[in-house]
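*Asks:* Next comes entry.txt, compact mmCIF, C-alpha atoms and all ligand atoms:
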# COMPACT_ATOMS: atom_id res chain seq x y z
CA MET A 1 5.14 10.17 29.62
CA SER A 2 5.55 13.28 27.49
CA LYS A 3 3.79 16.48 28.55
CA LEU A 4 1.57 18.40 26.16
CA GLU A 5 3.60 21.61 26.73
CA ASP A 6 6.81 19.82 25.72
CA ILE A 7 5.21 18.74 22.46
CA VAL A 8 3.73 22.18 21.75
CA SER A 9 7.14 23.72 22.35
CA LEU A 10 8.93 21.20 20.12
CA CYS A 11 6.32 21.77 17.39
CA LYS A 12 6.99 25.49 17.37
CA ARG A 13 10.78 25.21 17.80
CA ARG A 14 11.23 22.83 14.90
CA GLY A 15 8.57 24.00 12.48
CA PHE A 16 5.84 21.38 12.88
CA ILE A 17 2.96 23.58 14.06
CA PHE A 18 2.67 27.33 14.68
CA PRO A 19 -0.25 29.22 16.27
CA GLY A 20 -2.56 30.43 13.48
CA SER A 21 -1.98 34.07 12.38
CA ASP A 22 0.96 34.11 14.80
CA VAL A 23 2.36 37.39 13.44
CA TYR A 24 -0.87 39.20 14.44
CA GLY A 25 -0.96 37.69 17.90
CA GLY A 26 -2.81 34.52 16.90
CA PHE A 27 -6.43 33.62 16.17
CA ALA A 28 -8.14 31.38 18.72
CA GLY A 29 -8.71 27.78 17.72
CA THR A 30 -6.52 27.85 14.59
CA TRP A 31 -3.10 26.32 13.98
CA ASP A 32 -0.75 26.44 11.00
CA PHE A 33 1.36 23.49 9.89
CA GLY A 34 4.98 24.38 9.11
CA PRO A 35 7.33 22.63 6.67
CA LEU A 36 7.87 19.54 8.85
CA GLY A 37 4.30 19.41 10.16
CA VAL A 38 2.70 19.46 6.74
CA THR A 39 5.02 16.66 5.60
CA LEU A 40 4.12 14.47 8.57
CA LYS A 41 0.42 15.31 8.22
CA LYS A 42 0.46 14.48 4.52
CA LYS A 43 2.21 11.15 5.16
CA ILE A 44 -0.45 10.22 7.72
CA MET A 45 -3.22 11.14 5.27
CA ASP A 46 -1.52 9.30 2.40
CA GLU A 47 -1.17 6.13 4.50
CA TRP A 48 -4.89 6.28 5.28
CA TRP A 49 -5.79 6.81 1.62
CA LYS A 50 -3.54 3.93 0.54
CA PHE A 51 -4.84 1.57 3.22
CA PHE A 52 -8.55 2.28 2.83
CA VAL A 53 -8.90 3.36 -0.82
CA GLU A 54 -6.00 2.22 -3.02
CA ASP A 55 -5.39 -1.17 -1.39
CA ARG A 56 -9.09 -2.11 -1.30
CA GLU A 57 -11.49 -2.86 -4.12
CA ASP A 58 -14.66 -1.84 -2.30
CA ILE A 59 -13.89 1.76 -1.26
CA TYR A 60 -13.75 4.69 -3.69
CA GLY A 61 -12.55 8.23 -3.12
CA ILE A 62 -14.40 11.49 -3.61
CA ASP A 63 -13.62 15.16 -2.96
CA ALA A 64 -16.74 17.29 -2.48
CA ALA A 65 -17.05 21.09 -2.18
CA ILE A 66 -16.81 22.64 1.28
CA LEU A 67 -19.72 25.00 0.55
CA MET A 68 -22.94 23.01 0.17
CA ASN A 69 -26.58 23.78 -0.43
CA PRO A 70 -28.01 24.76 3.02
CA LYS A 71 -30.72 22.09 2.55
CA THR A 72 -27.91 19.62 3.31
CA TRP A 73 -27.76 20.82 6.92
CA GLU A 74 -31.56 20.93 7.28
CA ALA A 75 -31.76 17.31 6.15
CA SER A 76 -28.82 16.15 8.28
CA GLY A 77 -30.24 17.74 11.43
CA HIS A 78 -27.24 20.05 11.91
CA THR A 79 -29.29 23.25 11.69
CA ALA A 80 -31.48 22.02 14.53
CA THR A 81 -29.16 19.95 16.72
CA PHE A 82 -25.49 20.72 16.07
CA ALA A 83 -25.40 22.92 19.13
CA ASP A 84 -23.59 23.21 22.43
CA PRO A 85 -25.11 24.40 25.74
CA LEU A 86 -23.83 27.96 26.20
CA VAL A 87 -23.95 29.58 29.62
CA GLU A 88 -22.98 33.15 30.56
CA CYS A 89 -21.67 34.39 33.90
CA LYS A 90 -23.79 37.43 34.81
CA GLU A 91 -20.97 38.86 36.92
CA CYS A 92 -18.07 38.93 34.47
CA LYS A 93 -19.89 38.15 31.18
CA SER A 94 -17.59 35.18 30.40
CA ARG A 95 -19.21 32.48 28.26
CA PHE A 96 -18.63 28.75 28.67
CA ARG A 97 -19.79 25.37 27.43
CA ALA A 98 -21.89 24.29 30.42
CA ASP A 99 -21.00 20.59 30.08
CA LYS A 100 -17.28 21.40 30.14
CA ILE A 101 -17.24 23.36 33.40
CA ALA A 102 -19.66 21.22 35.45
CA ASN A 103 -19.36 17.55 36.36
CA GLY A 104 -21.92 14.85 35.65
CA ILE A 105 -23.93 16.61 32.93
CA ASN A 106 -23.94 16.21 29.15
CA GLU A 107 -24.68 18.36 26.11
CA SER A 108 -28.44 18.21 26.59
CA VAL A 109 -28.29 19.76 30.07
CA THR A 110 -31.15 22.09 31.09
CA THR A 111 -30.76 25.35 33.02
CA GLU A 112 -32.20 23.71 36.17
CA GLU A 113 -29.83 20.75 35.96
CA PHE A 114 -26.87 23.06 35.48
CA LEU A 115 -27.78 25.36 38.39
CA ALA A 116 -28.16 22.28 40.62
CA THR A 117 -24.45 21.49 40.12
CA HIS A 118 -23.55 24.77 41.91
CA THR A 119 -20.65 25.39 39.56
CA LYS A 120 -18.58 28.51 40.18
CA CYS A 121 -17.43 30.72 37.31
CA PRO A 122 -13.89 29.58 36.31
CA VAL A 123 -12.97 33.24 35.65
CA CYS A 124 -14.38 35.29 38.56
CA GLY A 125 -15.32 32.52 41.02
CA LYS A 126 -18.91 33.76 41.52
CA GLU A 127 -22.08 31.70 41.08
CA ASN A 128 -24.53 33.90 39.17
CA TRP A 129 -25.55 32.28 35.89
CA GLY A 130 -27.85 33.20 33.05
CA PRO A 131 -29.99 30.54 31.34
CA ILE A 132 -28.52 27.77 29.16
CA ARG A 133 -28.81 28.73 25.51
CA LYS A 134 -28.26 26.51 22.48
CA PHE A 135 -25.30 27.71 20.47
CA ASN A 136 -25.07 26.33 16.92
CA MET A 137 -21.48 25.48 16.08
CA MET A 138 -21.75 25.88 12.31
CA PHE A 139 -19.87 28.84 10.80
CA LEU A 140 -22.35 30.95 8.90
CA THR A 141 -21.47 32.91 5.80
CA HIS A 142 -23.23 34.50 2.84
CA VAL A 143 -22.85 33.41 -0.74
CA GLY A 144 -23.06 35.91 -3.61
CA ALA A 145 -23.62 39.66 -3.62
CA VAL A 146 -24.88 40.38 -0.11
CA LEU A 147 -24.13 43.84 1.32
CA PRO A 148 -23.99 44.79 5.01
CA ASP A 149 -27.05 47.07 4.66
CA ASP A 150 -29.21 44.51 2.83
CA ASP A 151 -32.38 43.60 4.68
CA LYS A 152 -32.66 40.42 6.71
CA GLU A 153 -34.68 38.62 4.05
CA VAL A 154 -32.08 39.12 1.32
CA ALA A 155 -29.29 38.10 3.67
CA GLU A 156 -31.14 34.99 4.85
CA LYS A 157 -31.78 33.79 1.30
CA ASN A 158 -28.03 33.73 0.72
CA ILE A 159 -26.95 31.97 3.90
CA ALA A 160 -24.45 29.16 3.59
CA TYR A 161 -22.34 27.27 6.13
CA LEU A 162 -18.78 26.04 6.20
CA ARG A 163 -19.31 22.29 6.41
CA PRO A 164 -19.19 20.95 9.99
CA GLU A 165 -18.33 17.43 8.73
CA THR A 166 -17.13 15.90 5.48
CA ALA A 167 -19.70 13.09 5.69
CA GLN A 168 -22.55 15.01 4.02
CA GLY A 169 -20.41 15.59 0.93
CA ILE A 170 -20.32 11.81 0.64
CA PHE A 171 -24.03 11.16 1.27
CA THR A 172 -25.10 13.79 -1.26
CA ASN A 173 -22.94 12.05 -3.89
CA TYR A 174 -24.15 8.52 -3.12
CA LYS A 175 -26.66 8.54 -5.99
CA ASN A 176 -24.17 10.02 -8.49
CA VAL A 177 -21.71 7.25 -7.69
CA VAL A 178 -24.29 4.44 -7.82
CA ASP A 179 -25.55 5.75 -11.18
CA THR A 180 -22.08 6.05 -12.71
CA ILE A 181 -19.93 3.17 -11.46
CA TYR A 182 -22.62 0.66 -10.33
CA PRO A 183 -20.77 -0.64 -7.26
CA ASP A 184 -21.87 -3.86 -5.56
CA LEU A 185 -22.82 -3.68 -1.88
CA PRO A 186 -21.11 -3.37 0.45
CA PHE A 187 -19.10 -0.43 -0.88
CA GLY A 188 -17.61 2.66 0.69
CA LEU A 189 -16.92 6.26 -0.25
CA ALA A 190 -13.92 7.91 1.37
CA GLN A 191 -13.09 11.56 1.69
CA GLN A 192 -10.38 13.71 3.28
CA GLY A 193 -10.90 17.41 3.83
CA LYS A 194 -11.47 20.38 6.05
CA ALA A 195 -14.39 20.73 8.45
CA PHE A 196 -15.29 23.69 10.67
CA ARG A 197 -16.78 23.92 14.15
CA ASN A 198 -17.23 27.15 16.04
CA GLU A 199 -16.07 25.70 19.37
CA ILE A 200 -17.10 27.87 22.32
CA SER A 201 -13.76 27.35 24.01
CA PRO A 202 -11.07 25.84 21.77
CA ARG A 203 -8.28 24.29 23.84
CA ASP A 204 -5.83 21.43 24.26
CA PHE A 205 -3.63 22.45 21.34
CA ILE A 206 -4.86 20.85 18.10
CA LEU A 207 -7.29 18.50 19.90
CA ARG A 208 -10.15 21.00 19.93
CA ASP A 209 -9.65 23.54 17.17
CA ARG A 210 -12.16 25.46 15.05
CA GLU A 211 -10.85 24.19 11.75
CA CYS A 212 -9.73 20.60 11.31
CA SER A 213 -9.09 17.95 8.68
CA GLN A 214 -11.23 14.84 8.68
CA MET A 215 -10.86 11.44 7.07
CA GLU A 216 -14.23 9.76 6.76
CA ILE A 217 -15.67 6.69 5.10
CA GLU A 218 -19.35 6.01 4.59
CA TYR A 219 -19.61 2.25 4.10
CA PHE A 220 -22.95 1.32 2.50
CA VAL A 221 -24.32 -2.09 3.45
CA ASN A 222 -27.42 -4.23 3.20
CA PRO A 223 -29.30 -3.47 6.47
CA THR A 224 -29.46 -7.20 7.33
CA THR A 225 -25.65 -7.36 7.43
CA TRP A 226 -24.78 -4.22 9.41
CA GLU A 227 -23.44 -6.09 12.43
CA GLU A 228 -20.85 -8.15 10.55
CA ASN A 229 -19.79 -5.11 8.52
CA PHE A 230 -19.46 -3.07 11.70
CA GLU A 231 -17.10 -5.77 13.02
CA THR A 232 -15.00 -5.82 9.81
CA MET A 233 -14.68 -2.02 9.86
CA ARG A 234 -13.73 -2.08 13.51
CA LYS A 235 -10.93 -4.58 12.83
CA ALA A 236 -9.72 -2.52 9.87
CA GLN A 237 -9.44 0.58 12.08
CA HIS A 238 -7.25 -1.27 14.58
CA GLU A 239 -5.10 -2.61 11.77
CA PHE A 240 -4.62 0.89 10.37
CA LEU A 241 -3.87 2.54 13.73
CA GLU A 242 -1.62 -0.22 15.07
CA ASP A 243 0.12 -1.78 12.03
CA ILE A 244 0.39 1.19 9.65
CA ILE A 245 0.55 4.21 11.99
CA LYS A 246 2.26 2.11 14.71
CA LEU A 247 0.31 3.49 17.67
CA PRO A 248 0.79 1.27 20.73
CA LYS A 249 -2.16 -1.11 21.23
CA GLU A 250 -2.20 -0.49 24.97
CA LYS A 251 -2.88 3.23 24.47
CA ILE A 252 -6.04 2.64 22.41
CA HIS A 253 -9.24 1.91 24.34
CA GLU A 254 -12.65 1.21 22.90
CA LEU A 255 -15.57 2.96 24.53
CA GLU A 256 -19.07 1.69 23.75
CA VAL A 257 -21.04 4.95 23.74
CA PRO A 258 -24.32 4.64 25.71
CA ALA A 259 -27.54 5.54 23.86
CA GLU A 260 -28.07 8.86 25.67
CA ASP A 261 -24.61 10.12 24.66
CA ARG A 262 -24.75 9.05 21.01
CA ALA A 263 -25.13 11.53 18.15
CA HIS A 264 -28.72 11.94 16.96
CA TYR A 265 -28.15 9.75 13.89
CA SER A 266 -26.40 6.78 15.49
CA LYS A 267 -27.73 3.38 16.62
CA ARG A 268 -24.34 2.19 17.80
CA THR A 269 -21.07 4.06 18.31
CA ILE A 270 -17.66 2.98 19.50
CA ASP A 271 -15.27 5.77 20.37
CA PHE A 272 -11.63 4.84 20.00
CA MET A 273 -9.99 6.63 22.93
CA PHE A 274 -6.28 7.34 23.12
CA ASP A 275 -3.96 8.05 26.06
CA TYR A 276 -2.80 11.57 25.21
CA PRO A 277 -0.29 13.41 27.42
CA ASN A 278 -3.20 15.34 28.99
CA GLY A 279 -5.35 12.25 29.57
CA GLU A 280 -7.68 9.94 27.68
CA GLU A 281 -9.37 11.66 24.71
CA GLU A 282 -11.31 10.58 21.65
CA LEU A 283 -9.09 9.66 18.71
CA MET A 284 -11.80 8.48 16.31
CA GLY A 285 -15.36 7.25 16.13
CA LEU A 286 -17.03 4.27 14.50
CA ALA A 287 -20.77 4.79 14.10
CA TYR A 288 -23.69 2.84 12.70
CA ARG A 289 -25.70 5.67 11.08
CA THR A 290 -28.50 3.39 9.79
CA ASP A 291 -30.30 4.89 6.74
CA PHE A 292 -30.72 8.18 8.62
CA ASP A 293 -28.84 10.33 6.11
CA LEU A 294 -29.96 8.73 2.84
CA SER A 295 -33.61 8.69 3.98
CA ASN A 296 -33.43 12.35 4.96
CA ILE A 297 -31.88 13.23 1.61
CA ALA A 298 -34.59 11.25 -0.23
CA ARG A 299 -37.28 13.16 1.70
CA GLU A 300 -35.68 16.59 1.33
CA SER A 301 -34.66 16.23 -2.34
CA GLY A 302 -37.56 14.14 -3.60
CA LYS A 303 -35.09 11.79 -5.28
CA SER A 304 -34.96 8.06 -4.71
CA MET A 305 -31.96 6.74 -2.77
CA ASP A 306 -33.01 3.13 -3.37
CA TYR A 307 -30.46 0.50 -4.21
CA ARG A 308 -31.43 -2.50 -6.34
CA ASP A 309 -29.48 -5.68 -5.61
CA LYS A 310 -28.20 -7.06 -8.92
CA VAL A 311 -28.66 -10.71 -7.92
CA THR A 312 -31.79 -10.79 -5.75
CA ASN A 313 -33.52 -7.70 -7.24
CA GLU A 314 -34.26 -6.66 -3.69
CA VAL A 315 -34.80 -2.87 -3.40
CA PHE A 316 -33.85 -0.93 -0.26
CA ILE A 317 -32.02 2.10 1.10
CA PRO A 318 -28.55 0.97 2.23
CA HIS A 319 -27.48 1.41 5.83
CA VAL A 320 -24.16 3.01 6.71
CA ILE A 321 -21.15 2.23 8.89
CA GLU A 322 -18.97 5.30 9.38
CA PRO A 323 -15.38 5.37 10.61
CA SER A 324 -14.45 9.02 11.17
CA ILE A 325 -11.05 10.26 12.24
CA GLY A 326 -9.67 13.75 12.87
CA VAL A 327 -6.27 14.17 11.25
CA GLU A 328 -5.01 16.54 13.96
CA ARG A 329 -6.02 14.08 16.67
CA LEU A 330 -4.13 11.32 14.91
CA PHE A 331 -1.19 13.67 14.34
CA LEU A 332 -0.98 14.42 18.06
CA ALA A 333 -1.28 10.71 18.93
CA VAL A 334 1.67 10.01 16.61
CA LEU A 335 3.76 12.86 18.04
CA SER A 336 3.07 12.06 21.68
CA THR A 337 3.91 8.38 21.08
CA ALA A 338 7.16 9.33 19.33
CA TYR A 339 8.29 11.96 21.89
CA HIS A 340 11.05 10.72 24.19
CA GLU A 341 13.62 12.32 26.42
CA ASP A 342 16.80 10.48 27.30
CA GLU A 343 20.40 11.17 28.15
CA ILE A 344 23.37 10.80 25.81
CA ASN A 345 26.84 11.22 27.36
CA GLY A 346 25.35 13.05 30.31
CA GLU A 347 23.39 15.45 28.12
CA LYS A 348 19.58 15.59 27.93
CA ARG A 349 18.24 14.68 24.50
CA VAL A 350 14.79 15.08 22.95
CA VAL A 351 14.11 12.47 20.29
CA LEU A 352 11.07 11.78 18.11
CA LYS A 353 10.98 8.04 17.51
CA LEU A 354 8.70 8.33 14.49
CA PRO A 355 8.02 5.23 12.39
CA GLU A 356 10.07 5.28 9.18
CA ASN A 357 6.99 5.55 6.95
CA LEU A 358 5.92 8.78 8.73
CA ALA A 359 9.21 10.57 9.47
CA PRO A 360 9.39 13.82 7.45
CA TYR A 361 12.90 12.81 6.33
CA LYS A 362 14.21 9.29 5.93
CA PHE A 363 17.89 10.35 5.82
CA CYS A 364 19.98 13.38 6.64
CA VAL A 365 23.18 13.66 4.62
CA SER A 366 26.10 15.86 5.69
CA PRO A 367 29.82 16.33 5.14
CA LEU A 368 31.96 15.88 8.27
CA LEU A 369 33.50 19.32 7.66
CA LYS A 370 31.86 22.18 5.82
CA ASN A 371 35.11 23.84 4.76
CA LYS A 372 36.58 20.85 2.87
CA PRO A 373 35.33 21.14 -0.74
CA GLU A 374 36.15 17.49 -1.54
CA LEU A 375 33.95 16.30 1.36
CA VAL A 376 31.12 18.66 0.44
CA GLU A 377 31.24 17.56 -3.19
CA LYS A 378 31.15 13.86 -2.28
CA ALA A 379 28.34 14.46 0.23
CA LYS A 380 26.27 16.30 -2.42
CA GLU A 381 26.76 13.32 -4.72
CA VAL A 382 25.42 10.89 -2.08
CA TYR A 383 22.59 13.32 -1.23
CA ASN A 384 21.48 13.45 -4.87
CA ILE A 385 21.58 9.66 -5.26
CA LEU A 386 19.42 9.19 -2.14
CA ARG A 387 17.02 11.98 -3.05
CA LYS A 388 16.40 10.38 -6.41
CA LYS A 389 15.82 7.02 -4.75
CA TYR A 390 13.80 8.01 -1.65
CA GLY A 391 12.64 11.61 -2.16
CA ASN A 392 12.44 12.66 1.47
CA VAL A 393 16.10 13.25 2.26
CA THR A 394 17.48 16.37 3.93
CA TRP A 395 20.87 18.12 3.85
CA ASP A 396 22.55 19.60 6.90
CA ASP A 397 26.01 21.16 7.08
CA SER A 398 25.34 23.64 9.90
CA GLY A 399 27.23 23.68 13.21
CA ASN A 400 29.16 20.63 14.38
CA ILE A 401 28.14 17.00 13.95
CA GLY A 402 26.81 16.75 17.51
CA LYS A 403 24.43 19.68 16.97
CA ARG A 404 23.23 18.23 13.67
CA TYR A 405 22.44 14.92 15.35
CA ARG A 406 20.45 16.70 18.09
CA LYS A 407 18.41 18.56 15.49
CA GLN A 408 17.73 15.47 13.39
CA ASP A 409 16.78 13.53 16.56
CA GLU A 410 14.25 16.23 17.43
CA ILE A 411 12.58 16.10 14.02
CA GLY A 412 12.61 12.30 13.94
CA THR A 413 15.04 11.57 11.08
CA PRO A 414 15.80 7.83 11.45
CA LYS A 415 19.30 7.82 9.90
CA CYS A 416 22.12 10.38 9.60
CA ILE A 417 24.76 9.75 6.95
CA VAL A 418 28.13 11.43 7.30
CA ILE A 419 30.74 11.69 4.54
CA ASP A 420 34.32 11.82 5.91
CA PHE A 421 37.85 11.34 4.59
CA GLU A 422 37.51 7.55 4.60
CA THR A 423 34.60 7.95 2.17
CA LEU A 424 36.98 9.45 -0.39
CA ASP A 425 39.19 6.32 -0.10
CA ASN A 426 36.70 3.47 -0.09
CA ASP A 427 33.16 4.82 -0.75
CA THR A 428 31.88 3.92 2.71
CA VAL A 429 29.89 6.31 4.91
CA THR A 430 28.95 6.49 8.58
CA ILE A 431 25.30 5.73 9.30
CA ARG A 432 24.07 6.80 12.71
CA ASP A 433 20.83 5.34 14.08
CA ARG A 434 18.44 7.82 15.73
CA ASP A 435 17.06 5.51 18.42
CA THR A 436 20.25 3.69 19.53
CA THR A 437 22.77 6.40 18.41
CA ASN A 438 24.92 3.47 17.22
CA GLN A 439 27.08 4.09 14.17
CA ILE A 440 28.08 1.66 11.44
CA ARG A 441 30.02 1.99 8.21
CA GLN A 442 28.39 0.97 4.99
CA ASN A 443 29.14 1.16 1.29
CA ILE A 444 27.28 3.93 -0.60
CA SER A 445 25.97 1.41 -3.13
CA GLU A 446 24.18 -0.48 -0.32
CA LEU A 447 22.18 2.50 0.95
ZN ZN A 501 -17.58 35.14 36.04
Would you give me this structure, written as structure tokens?
Ligand SMILES: [Zn+2]

*Replies:*
Amino acid sequence: MSKLEDIVSLCKRRGFIFPGSDVYGGFAGTWDFGPLGVTLKKKIMDEWWKFFVEDREDIYGIDAAILMNPKTWEASGHTATFADPLVECKECKSRFRADKIANGINESVTTEEFLATHTKCPVCGKENWGPIRKFNMMFLTHVGAVLPDDDKEVAEKNIAYLRPETAQGIFTNYKNVVDTIYPDLPFGLAQQGKAFRNEISPRDFILRDRECSQMEIEYFVNPTTWEENFETMRKAQHEFLEDIIKLPKEKIHELEVPAEDRAHYSKRTIDFMFDYPNGEEELMGLAYRTDFDLSNIARESGKSMDYRDKVTNEVFIPHVIEPSIGVERLFLAVLSTAYHEDEINGEKRVVLKLPENLAPYKFCVSPLLKNKPELVEKAKEVYNILRKKYGNVTWDDSGNIGKRYRKQDEIGTPKCIVIDFETLDNDTVTIRDRDTTNQIRQNISEL
């Protein structure tokens, strides 16, 4: 099993992921995707979009603004309940999420319950705690011309938040979509985009960061049919994760979330857990959100969210099934599944066995020798043919062949093509397979 540190180190070494603002010493809870990382991330997101939006007739895409009217977060309950239990050590002033440093308590823990766990401060080892305070995780900002010396009232009128989830951008557009494209129920709206959470203690690499990308679908259904639609959505998630992204079935575990642990809006939630290198962690969630959001919007906006069935004329507010997945979580699941160490000719090798549809590059093309113009010219020719045909092809003429193979193995390139003197005679090239390291000769026209 791969270790998280090995993956973090590979990510930095090969340009997948760097610490955010690295040059200034970093910025907690942020990560930057490098050239290879952004390619892999984009491929994951494109596969999701193709599977759930383009290949289906009942799910449409939208892309809503990150800044939203603050009423959104009043209606959704985020202003009141999107909070973590913050506790401060009176000795060393360190602040922690109470439910993360004590066992057997959850987010709604009270001061008394926390003190009863007799938890010691992870920093100074003392047991001298202040009260539990609710810490809202939304990032607050001001919109428009607000100056630092403006009074509180002016500042408060201009408050806005960076969205803590993409879902509300979908709910607030439900009526626009119904009024413009008249979809039949059930139908879904899908969105990919950034969401922000001011985590008290970001950790575990990209698993718990302050800025992340989400892929969410709100699937609107007739309330009498929510159970069957929940089942269909659940199957579709497995199909996506296992058949398209190629995550191993045995590493995905469903967890039926008990009522007391569910989010305030949910009547049923299944967490899809994944075996990460640092243990089992949530990969995605599937929640039955009832008509919680649309009803709140109807109340807060004064506008009807009713849906009229075209056949039966029945009028109701649709209920919602929501599959929600964090791109970074999926990214790490893909990387940790692909990461392998083995030995080739007595030498340790790190290899990313990425599925072909996700590998940043499908082929690497190189001339056997860099200083033979006829080989370089022929190799460029092959490189250009493949680039035109497949797009994601890379060129490498650095170091010796062995070093090039090591590098391509580490970034997950499935096939390396080498142009040698035999190529000049008969138009065949060497193709070396990443996983087996076997080499075959093949005609250029068959690539
Ligand atoms: Zn302390």

*Asks:* To check your reading of the model: which residues sit at most 8 Å from ligand ZN 501 (chain A) when counting only C-alpha atoms and all ligand atoms? Write the answer as a list in words.

*Replies:*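 After applying the 8 Å limit, what remains is Glu88, Cys89, Lys90, Glu91, Cys92, Lys93, Ser94, Lys120, Cys121, Pro122, Val123, Cys124, Gly125, Lys126, Glu127 and Asn128 of chain A.
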
*Asks:* Rounded to one decimal place, report the CA of Ile59 (chain A)-CA of Arg197 (chain A) distance in Å.

*Replies:*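 Distance reported for this atom pair: 27.1 Å.
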
*Asks:* Would you pick out the contacts of Val327 (chain A) at 9 Å or less, using all atoms listed in the file, so that residues sharing its chain but fewer than 6 positions from it are not included, and give the list as a PyMOL selection string?

*Replies:* chain A and resi 41+44-45+192+212-215

*Asks:* Residues of the last selection are to be written out with C-alpha atoms, as a tab-separated table (two decimals), in the coordinates of the input.

*Replies:*
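Heads up, here's the output in out_39.tsv:
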chain	number	residue	atom	x	y	z
A	41	LYS	CA	0.42	15.31	8.22
A	44	ILE	CA	-0.45	10.22	7.72
A	45	MET	CA	-3.22	11.14	5.27
A	192	GLN	CA	-10.38	13.71	3.28
A	212	CYS	CA	-9.73	20.60	11.31
A	213	SER	CA	-9.09	17.95	8.68
A	214	GLN	CA	-11.23	14.84	8.68
A	215	MET	CA	-10.86	11.44	7.07

*Asks:* As a ChimeraX atom specification, please: the residues near region 65-77 of chain A (cut-off 7 Å, all atoms listed in the file, same-chain neighbours under 2 positions excluded).

*Replies:* /A:63,79-81,160-163,293,296-297,300

*Asks:* What separation in Å, quoted to one decimal, exists between CA of Leu185 (chain A) and CA of Val221 (chain A)?

*Replies:*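 CA of Val221 (chain A) lies 5.8 Å from CA of Leu185 (chain A).
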
*Asks:* What separation in Å, quoted to one decimal, exists between CA of Gly285 (chain A) and CA of Ile270 (chain A)?

*Replies:*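 These atoms are spaced 5.9 Å apart.
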
*Asks:* Excluding Met273 (chain A) and residues on its chain fewer than 2 positions from it, collect all residues at most 6 Å away from it, counting only C-alpha atoms, and give them as a PDB file with C-alpha atoms, in the coordinates of the input.

*Replies:*
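result_2.pdb, written as the output of this step:
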ATOM      1  CA  ILE A 252      -6.040   2.640  22.410  1.00  0.00           C
ATOM      2  CA  HIS A 253      -9.240   1.910  24.340  1.00  0.00           C
ATOM      3  CA  ASP A 271     -15.270   5.770  20.370  1.00  0.00           C
ATOM      4  CA  GLU A 281      -9.370  11.660  24.710  1.00  0.00           C
ATOM      5  CA  GLU A 282     -11.310  10.580  21.650  1.00  0.00           C
ATOM      6  CA  LEU A 283      -9.090   9.660  18.710  1.00  0.00           C
TER       7      LEU A 283
END

*Asks:* Tell me which of A:His142, A:Lys157, A:Lys12, A:His264 sits closest to Glu107 (chain A), counting all atoms listed in the file.

*Replies:* A:His264

*Asks:* Find the residues around Phe331 (chain A) up to 12 Å (all atoms listed in the file counted), leave out those fewer than 6 positions away in its own chain, and share them as an NGL selection string.

*Replies:* :A and (7 or 11 or 16-17 or 33 or 37-45 or 205-207 or 212-214 or 241 or 245 or 247 or 274 or 276 or 283-284 or 325 or 337-338 or 354 or 358-359)

*Asks:* Considering all atoms listed in the file, state which residue in the set A:Leu369, A:Ala98, A:Leu375, A:Ile132 is at the smallest distance from Asp425 (chain A).

*Replies:*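 Ranking A:Leu369, A:Ala98, A:Leu375, A:Ile132 by distance to Asp425 (chain A), first place goes to A:Leu375.
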
*Asks:* Show me as a PyMOL selection string the residues that reach within 10 Å of (-25.5, 23.2, 27.2), counting all atoms listed in the file and using the file's own coordinates.

*Replies:* chain A and resi 83-87+96-100+105-111+114+131-135

*Asks:* Tell me, as a ChimeraX atom specification, which residues lie within 6 Å of region 312-324 of chain A, counting all atoms listed in the file; anything in the same chain fewer than 2 positions away does not count.

*Replies:* /A:215-223,284-291,306-310

*Asks:* As lines of an AutoDock Vina configuration file, please: the centre and edge lengths in Å, to one decimal, of an axis-aligned box enclosing every listed atom of region 165-176 of chain A with 6 Å added on each side.

*Replies:*
center_x = -21.9
center_y = 13.0
center_z = 0.1
size_x = 21.5
size_y = 20.9
size_z = 29.2

*Asks:* Just add N, CA, C and O atoms to region 231-236 of chain A and send it as a JSON list (two decimals), keeping the file's coordinate frame.

*Replies:*
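Output (part30.json):
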[["chain", "number", "residue", "atom", "x", "y", "z"],
["A", 231, "GLU", "N", -18.25, -5.04, 12.48],
["A", 231, "GLU", "CA", -17.10, -5.77, 13.02],
["A", 231, "GLU", "C", -15.88, -5.67, 12.10],
["A", 231, "GLU", "O", -14.76, -5.46, 12.54],
["A", 232, "THR", "N", -16.11, -5.87, 10.78],
["A", 232, "THR", "CA", -15.00, -5.82, 9.81],
["A", 232, "THR", "C", -14.35, -4.43, 9.82],
["A", 232, "THR", "O", -13.13, -4.31, 9.79],
["A", 233, "MET", "N", -15.19, -3.40, 9.85],
["A", 233, "MET", "CA", -14.68, -2.02, 9.86],
["A", 233, "MET", "C", -13.90, -1.75, 11.14],
["A", 233, "MET", "O", -12.87, -1.07, 11.12],
["A", 234, "ARG", "N", -14.40, -2.29, 12.23],
["A", 234, "ARG", "CA", -13.73, -2.08, 13.51],
["A", 234, "ARG", "C", -12.33, -2.70, 13.49],
["A", 234, "ARG", "O", -11.36, -2.09, 13.91],
["A", 235, "LYS", "N", -12.24, -3.91, 12.95],
["A", 235, "LYS", "CA", -10.93, -4.58, 12.83],
["A", 235, "LYS", "C", -10.00, -3.78, 11.94],
["A", 235, "LYS", "O", -8.81, -3.62, 12.22],
["A", 236, "ALA", "N", -10.55, -3.27, 10.82],
["A", 236, "ALA", "CA", -9.72, -2.52, 9.87],
["A", 236, "ALA", "C", -9.15, -1.26, 10.52],
["A", 236, "ALA", "O", -8.02, -0.87, 10.24]]
